[in-house]
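The next block is start-v1.txt, given as compact mmCIF, C-alpha atoms and all ligand atoms.
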```
# COMPACT_ATOMS: atom_id res chain seq x y z
CA MET C 1 65.52 40.24 18.12
CA PRO C 2 61.87 39.29 18.77
CA SER C 3 61.21 35.76 20.06
CA ILE C 4 59.50 33.21 17.83
CA PHE C 5 56.38 33.68 19.96
CA THR C 6 56.43 37.46 19.50
CA LYS C 7 56.62 36.81 15.74
CA ILE C 8 53.58 34.50 16.04
CA ILE C 9 51.67 37.07 18.14
CA ASN C 10 52.49 39.78 15.58
CA GLY C 11 51.28 37.56 12.72
CA ASP C 12 54.73 37.28 11.12
CA ILE C 13 54.69 33.48 11.59
CA PRO C 14 51.45 31.51 11.14
CA CYS C 15 49.81 29.58 13.96
CA TYR C 16 46.60 27.79 14.83
CA LYS C 17 45.19 30.55 17.02
CA ILE C 18 42.92 29.76 19.95
CA ALA C 19 42.38 33.07 21.76
CA GLU C 20 43.73 36.52 22.42
CA ASP C 21 43.08 39.32 24.89
CA GLU C 22 44.86 42.59 25.61
CA ASP C 23 47.77 40.90 27.39
CA ASN C 24 47.91 37.25 26.32
CA PHE C 25 47.73 35.02 23.24
CA ALA C 26 46.99 31.29 22.89
CA PHE C 27 47.76 28.92 20.00
CA LEU C 28 48.30 25.22 19.41
CA ASP C 29 51.77 23.80 20.08
CA ILE C 30 53.22 22.73 16.72
CA ASN C 31 54.80 19.57 18.22
CA PRO C 32 52.10 18.50 20.68
CA ASN C 33 52.35 16.06 23.58
CA ALA C 34 48.68 15.33 22.90
CA LYS C 35 46.04 16.59 20.47
CA GLY C 36 44.86 19.99 21.72
CA HIS C 37 48.18 20.92 23.43
CA THR C 38 48.00 24.70 23.64
CA LEU C 39 50.45 27.44 24.61
CA CYS C 40 49.36 30.59 26.46
CA VAL C 41 51.86 33.42 26.05
CA PRO C 42 51.99 36.93 27.51
CA LYS C 43 52.44 39.53 24.79
CA LYS C 44 55.08 41.15 26.95
CA GLU C 45 58.33 39.34 26.12
CA VAL C 46 59.81 38.05 29.37
CA ASP C 47 62.02 34.94 29.52
CA ARG C 48 61.23 33.42 32.93
CA LEU C 49 57.86 32.91 34.58
CA MET C 50 59.08 34.11 37.97
CA ASP C 51 60.30 37.37 36.40
CA LEU C 52 56.80 38.37 35.32
CA ASP C 53 55.39 41.17 37.44
CA GLU C 54 52.62 39.93 39.70
CA ALA C 55 49.77 41.52 37.72
CA SER C 56 50.99 39.99 34.43
CA TYR C 57 51.43 36.61 36.14
CA MET C 58 47.88 36.69 37.50
CA LYS C 59 46.45 37.76 34.13
CA LEU C 60 48.33 34.90 32.42
CA MET C 61 46.95 32.39 34.91
CA THR C 62 43.37 33.72 34.57
CA PHE C 63 43.67 33.59 30.77
CA SER C 64 45.17 30.07 30.90
CA ARG C 65 42.34 28.87 33.14
CA LYS C 66 39.76 30.14 30.65
CA VAL C 67 41.53 28.47 27.73
CA GLY C 68 42.10 25.29 29.78
CA LYS C 69 38.38 25.01 30.53
CA ALA C 70 37.60 25.29 26.81
CA ILE C 71 40.18 22.57 26.02
CA GLU C 72 38.67 20.32 28.69
CA ALA C 73 35.23 20.84 27.14
CA ALA C 74 36.39 20.32 23.55
CA VAL C 75 38.98 17.54 23.79
CA PRO C 76 38.11 14.17 25.32
CA CYS C 77 40.75 13.58 28.01
CA ASN C 78 41.16 12.71 31.67
CA ARG C 79 41.99 16.34 32.51
CA VAL C 80 44.08 19.28 31.27
CA GLY C 81 47.54 19.52 32.79
CA MET C 82 49.57 22.72 33.06
CA SER C 83 53.36 23.01 32.76
CA VAL C 84 55.81 25.85 32.47
CA ILE C 85 59.19 24.79 31.06
CA GLY C 86 60.80 27.35 28.74
CA LEU C 87 64.01 25.48 27.99
CA GLU C 88 63.45 25.80 24.24
CA VAL C 89 61.78 29.20 23.79
CA PRO C 90 62.90 32.01 26.14
CA HIS C 91 59.50 33.74 26.18
CA VAL C 92 57.15 32.78 29.04
CA HIS C 93 54.49 30.26 28.01
CA VAL C 94 52.06 27.99 29.82
CA HIS C 95 51.62 24.54 28.28
CA LEU C 96 48.01 23.32 28.57
CA ILE C 97 48.04 19.61 27.76
CA PRO C 98 45.07 17.23 27.49
CA LEU C 99 46.20 14.30 29.63
CA HIS C 100 45.19 10.72 28.91
CA SER C 101 48.05 9.29 30.98
CA MET C 102 51.35 10.44 32.49
CA LYS C 103 52.93 9.86 29.06
CA ASN C 104 51.38 13.14 27.85
CA ALA C 105 53.06 15.10 30.63
CA THR C 106 56.58 13.89 29.86
CA PHE C 107 57.42 15.90 26.68
CA GLN C 108 58.97 12.64 25.36
CA HIS C 109 55.85 11.39 23.58
CA LYS C 110 54.70 13.53 20.61
CA GLU C 111 51.55 13.32 18.47
CA LYS C 112 51.69 13.64 14.70
CA MET C 113 48.88 15.84 13.40
CA SER C 114 47.94 16.92 9.87
CA PRO C 115 47.19 20.60 9.13
CA GLU C 116 43.51 19.60 8.84
CA GLU C 117 43.57 18.05 12.32
CA PHE C 118 45.21 21.18 13.78
CA GLU C 119 42.53 23.37 12.13
CA LYS C 120 39.72 21.14 13.33
CA ILE C 121 40.78 20.92 16.96
CA ALA C 122 41.56 24.67 17.11
CA GLY C 123 38.03 25.36 15.86
CA GLN C 124 36.54 22.99 18.41
CA ILE C 125 38.41 24.69 21.29
CA ARG C 126 37.54 28.18 20.01
CA ALA C 127 33.85 27.21 19.91
CA TYR C 128 33.90 26.78 23.71
CA LEU C 129 35.39 30.25 24.20
CA LYS C 130 32.49 32.07 22.52
P1 LIG C 201 59.69 24.89 26.10
O1 LIG C 201 60.40 26.20 25.79
O2 LIG C 201 58.61 25.07 27.12
O3 LIG C 201 60.65 23.79 26.46
O4 LIG C 201 58.98 24.39 24.78
C1 LIG C 201 58.60 25.26 23.73
C2 LIG C 201 57.39 24.71 23.02
O5 LIG C 201 57.09 25.58 21.94
C3 LIG C 201 57.57 23.30 22.44
O6 LIG C 201 56.53 22.45 22.91
C4 LIG C 201 57.50 23.52 20.92
O7 LIG C 201 56.85 22.46 20.23
C5 LIG C 201 56.73 24.82 20.81
N1 LIG C 201 57.12 25.61 19.63
C6 LIG C 201 58.37 25.95 19.28
N2 LIG C 201 58.36 26.68 18.15
C7 LIG C 201 57.06 26.78 17.78
C8 LIG C 201 56.41 27.42 16.68
O8 LIG C 201 57.02 28.03 15.81
N3 LIG C 201 55.05 27.34 16.63
C9 LIG C 201 54.33 26.67 17.59
N4 LIG C 201 53.00 26.66 17.45
N5 LIG C 201 54.91 26.05 18.64
C10 LIG C 201 56.26 26.10 18.73
```

Could you spell out this file's structure in structure tokens?
Amino acid sequence: MPSIFTKIINGDIPCYKIAEDEDNFAFLDINPNAKGHTLCVPKKEVDRLMDLDEASYMKLMTFSRKVGKAIEAAVPCNRVGMSVIGLEVPHVHVHLIPLHSMKNATFQHKEKMSPEEFEKIAGQIRAYLK
């Protein structure tokens, strides 16, 4: 069965899309640690980061860097942090999280956002990727 992220990538489940290239896809995390929290996901469905082949790993990191720079430009924050966890969704994903303090890196603190806020921040990040 396809992962929830494969369903998002295929358009079967809606998301607030940020970017896409041949190999990777980025969208806002639905339960964000901070406003602008984004997930970068390889289209190839692999569970664990370290099981990605080296080329796919490098492409994911290059893609994540590009998206991370756009988040840093669009979202006021101290810096953008990067985490790979995968305990909830067994499909590799890089968390890009605007950090204001260590609280945002803990996955304990969550931000409530309206659909309008998600749309707005996604548009602001996308504008820096053009
Ligand atoms: P992890 O697997 O790294 O522990 O966490 C998975 C992340 O995916 C969580 O931050 C969670 O909020 C996010 N997530 C889970 N399901 C969905 C979904 O259907 N849509 C979006 N946009 N994010 C999701």

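The residue that comes closest to Ala70 (chain C), out of C:Met50, C:Met82, C:Ile9, C:Leu96 and on the basis of all atoms listed in the file, is C:Leu96.
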
Q) Near Glu117 (chain C), within 12 Å and counting all atoms listed in the file, which residues show up once chain neighbours fewer than 5 positions away are dropped, as number ranges by chain? A) C: 16, 28, 30, 32, 35-36, 111-112, 122-124

Suppose we keep C-alpha atoms; can you now write the selection as an mmCIF file, in the coordinates of the input?
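Dumped to selection-v5.cif:
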```cif
data_model
loop_
_atom_site.group_PDB
_atom_site.id
_atom_site.type_symbol
_atom_site.label_atom_id
_atom_site.label_comp_id
_atom_site.auth_asym_id
_atom_site.auth_seq_id
_atom_site.Cartn_x
_atom_site.Cartn_y
_atom_site.Cartn_z
ATOM 1 C CA TYR C 16 46.600 27.790 14.830
ATOM 2 C CA LEU C 28 48.300 25.220 19.410
ATOM 3 C CA ILE C 30 53.220 22.730 16.720
ATOM 4 C CA PRO C 32 52.100 18.500 20.680
ATOM 5 C CA LYS C 35 46.040 16.590 20.470
ATOM 6 C CA GLY C 36 44.860 19.990 21.720
ATOM 7 C CA GLU C 111 51.550 13.320 18.470
ATOM 8 C CA LYS C 112 51.690 13.640 14.700
ATOM 9 C CA ALA C 122 41.560 24.670 17.110
ATOM 10 C CA GLY C 123 38.030 25.360 15.860
ATOM 11 C CA GLN C 124 36.540 22.990 18.410
#
```

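Between ligand LIG 201 (chain C) and the candidates C:Val41, C:Val80, C:Leu87, C:Ala19, the tightest atom-to-atom separation, counting all atoms listed in the file, involves C:Leu87.
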
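Minimum atom-to-atom distances from C:Asn31, C:Asn104, C:Thr6, C:Asn78 to ligand LIG 201 (chain C) were compared using only C-alpha atoms and all ligand atoms, and the lowest value belongs to C:Asn31.
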
Per residue of chain C within 8 Å of ligand LIG 201 (chain C), what are the shortest atom pair and its distance in Å to one decimal, counting all atoms listed in the file, with rows by chain and residue number, as CSV?
```
residue,atom,partner,partner_atom,distance
C:Ile4,CA,C:LIG201,O8,6.1
C:Phe5,CA,C:LIG201,O8,7.0
C:Ile8,CA,C:LIG201,O8,7.3
C:Ile13,CA,C:LIG201,O8,7.3
C:Pro14,CA,C:LIG201,N3,7.8
C:Cys15,CA,C:LIG201,N4,5.6
C:Tyr16,CA,C:LIG201,N4,7.0
C:Phe27,CA,C:LIG201,N4,6.3
C:Leu28,CA,C:LIG201,N4,5.3
C:Asp29,CA,C:LIG201,N4,4.1
C:Ile30,CA,C:LIG201,N4,4.0
C:Asn31,CA,C:LIG201,O7,4.1
C:Pro32,CA,C:LIG201,O7,6.2
C:Asn33,CA,C:LIG201,O6,7.7
C:Leu39,CA,C:LIG201,O5,7.4
C:Ser83,CA,C:LIG201,O2,8.0
C:Val84,CA,C:LIG201,O2,6.1
C:Ile85,CA,C:LIG201,O2,4.0
C:Gly86,CA,C:LIG201,O1,3.2
C:Leu87,CA,C:LIG201,O3,4.1
C:Glu88,CA,C:LIG201,O1,3.4
C:Val89,CA,C:LIG201,O1,3.9
C:Pro90,CA,C:LIG201,O1,6.3
C:His91,CA,C:LIG201,O1,7.6
C:His93,CA,C:LIG201,O2,6.7
C:Val94,CA,C:LIG201,O2,7.7
C:His95,CA,C:LIG201,O2,7.1
C:Phe107,CA,C:LIG201,O6,7.6
```

Q) For the atom pair CA of Glu22 (chain C) and CA of Met1 (chain C), what is the interatomic distance in Å to one decimal place? A) 22.1 Å

Q. Which neighbours of Ser56 (chain C) fall inside 12 Å, counting all atoms listed in the file, when residues of the same chain fewer than 2 positions from it are skipped, and could you give them as an MDAnalysis selection string?
A. chainID C and resid 22:24 41:46 49:54 58:63 92

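Taking CA of Ile18 (chain C) and CA of Arg126 (chain C) as endpoints, the distance between them is 5.6 Å.
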
Q: Using all atoms listed in the file, find the one residue out of C:Lys103, C:His109, C:Arg65, C:His37 that sits nearest to Lys17 (chain C).
A: C:His37

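CA of Pro76 (chain C) lies 13.4 Å from CA of Tyr128 (chain C).
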
Q. Between C:Pro98, C:Ser3, C:Lys130, C:Thr38, which has the minimum distance to Val75 (chain C) (counting all atoms listed in the file)?
A. C:Pro98

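In terms of minimum interatomic distance to Ala74 (chain C), C:Lys120 ranks closest within C:Arg48, C:Lys110, C:His100, C:Lys120, counting all atoms listed in the file.
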
When you look at Arg79 (chain C) with a cut-off of 10 Å (counting all atoms listed in the file), what residues show up, excluding the ones that are within fewer than 6 positions of it in the same chain? I need them as an mmCIF file with C-alpha atoms, in the coordinates of the input.
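Output saved as part11.cif:
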```cif
data_model
loop_
_atom_site.group_PDB
_atom_site.id
_atom_site.type_symbol
_atom_site.label_atom_id
_atom_site.label_comp_id
_atom_site.auth_asym_id
_atom_site.auth_seq_id
_atom_site.Cartn_x
_atom_site.Cartn_y
_atom_site.Cartn_z
ATOM 1 C CA GLY C 68 42.100 25.290 29.780
ATOM 2 C CA LYS C 69 38.380 25.010 30.530
ATOM 3 C CA ILE C 71 40.180 22.570 26.020
ATOM 4 C CA GLU C 72 38.670 20.320 28.690
ATOM 5 C CA ALA C 73 35.230 20.840 27.140
ATOM 6 C CA ILE C 97 48.040 19.610 27.760
ATOM 7 C CA PRO C 98 45.070 17.230 27.490
ATOM 8 C CA LEU C 99 46.200 14.300 29.630
ATOM 9 C CA HIS C 100 45.190 10.720 28.910
ATOM 10 C CA SER C 101 48.050 9.290 30.980
#
```
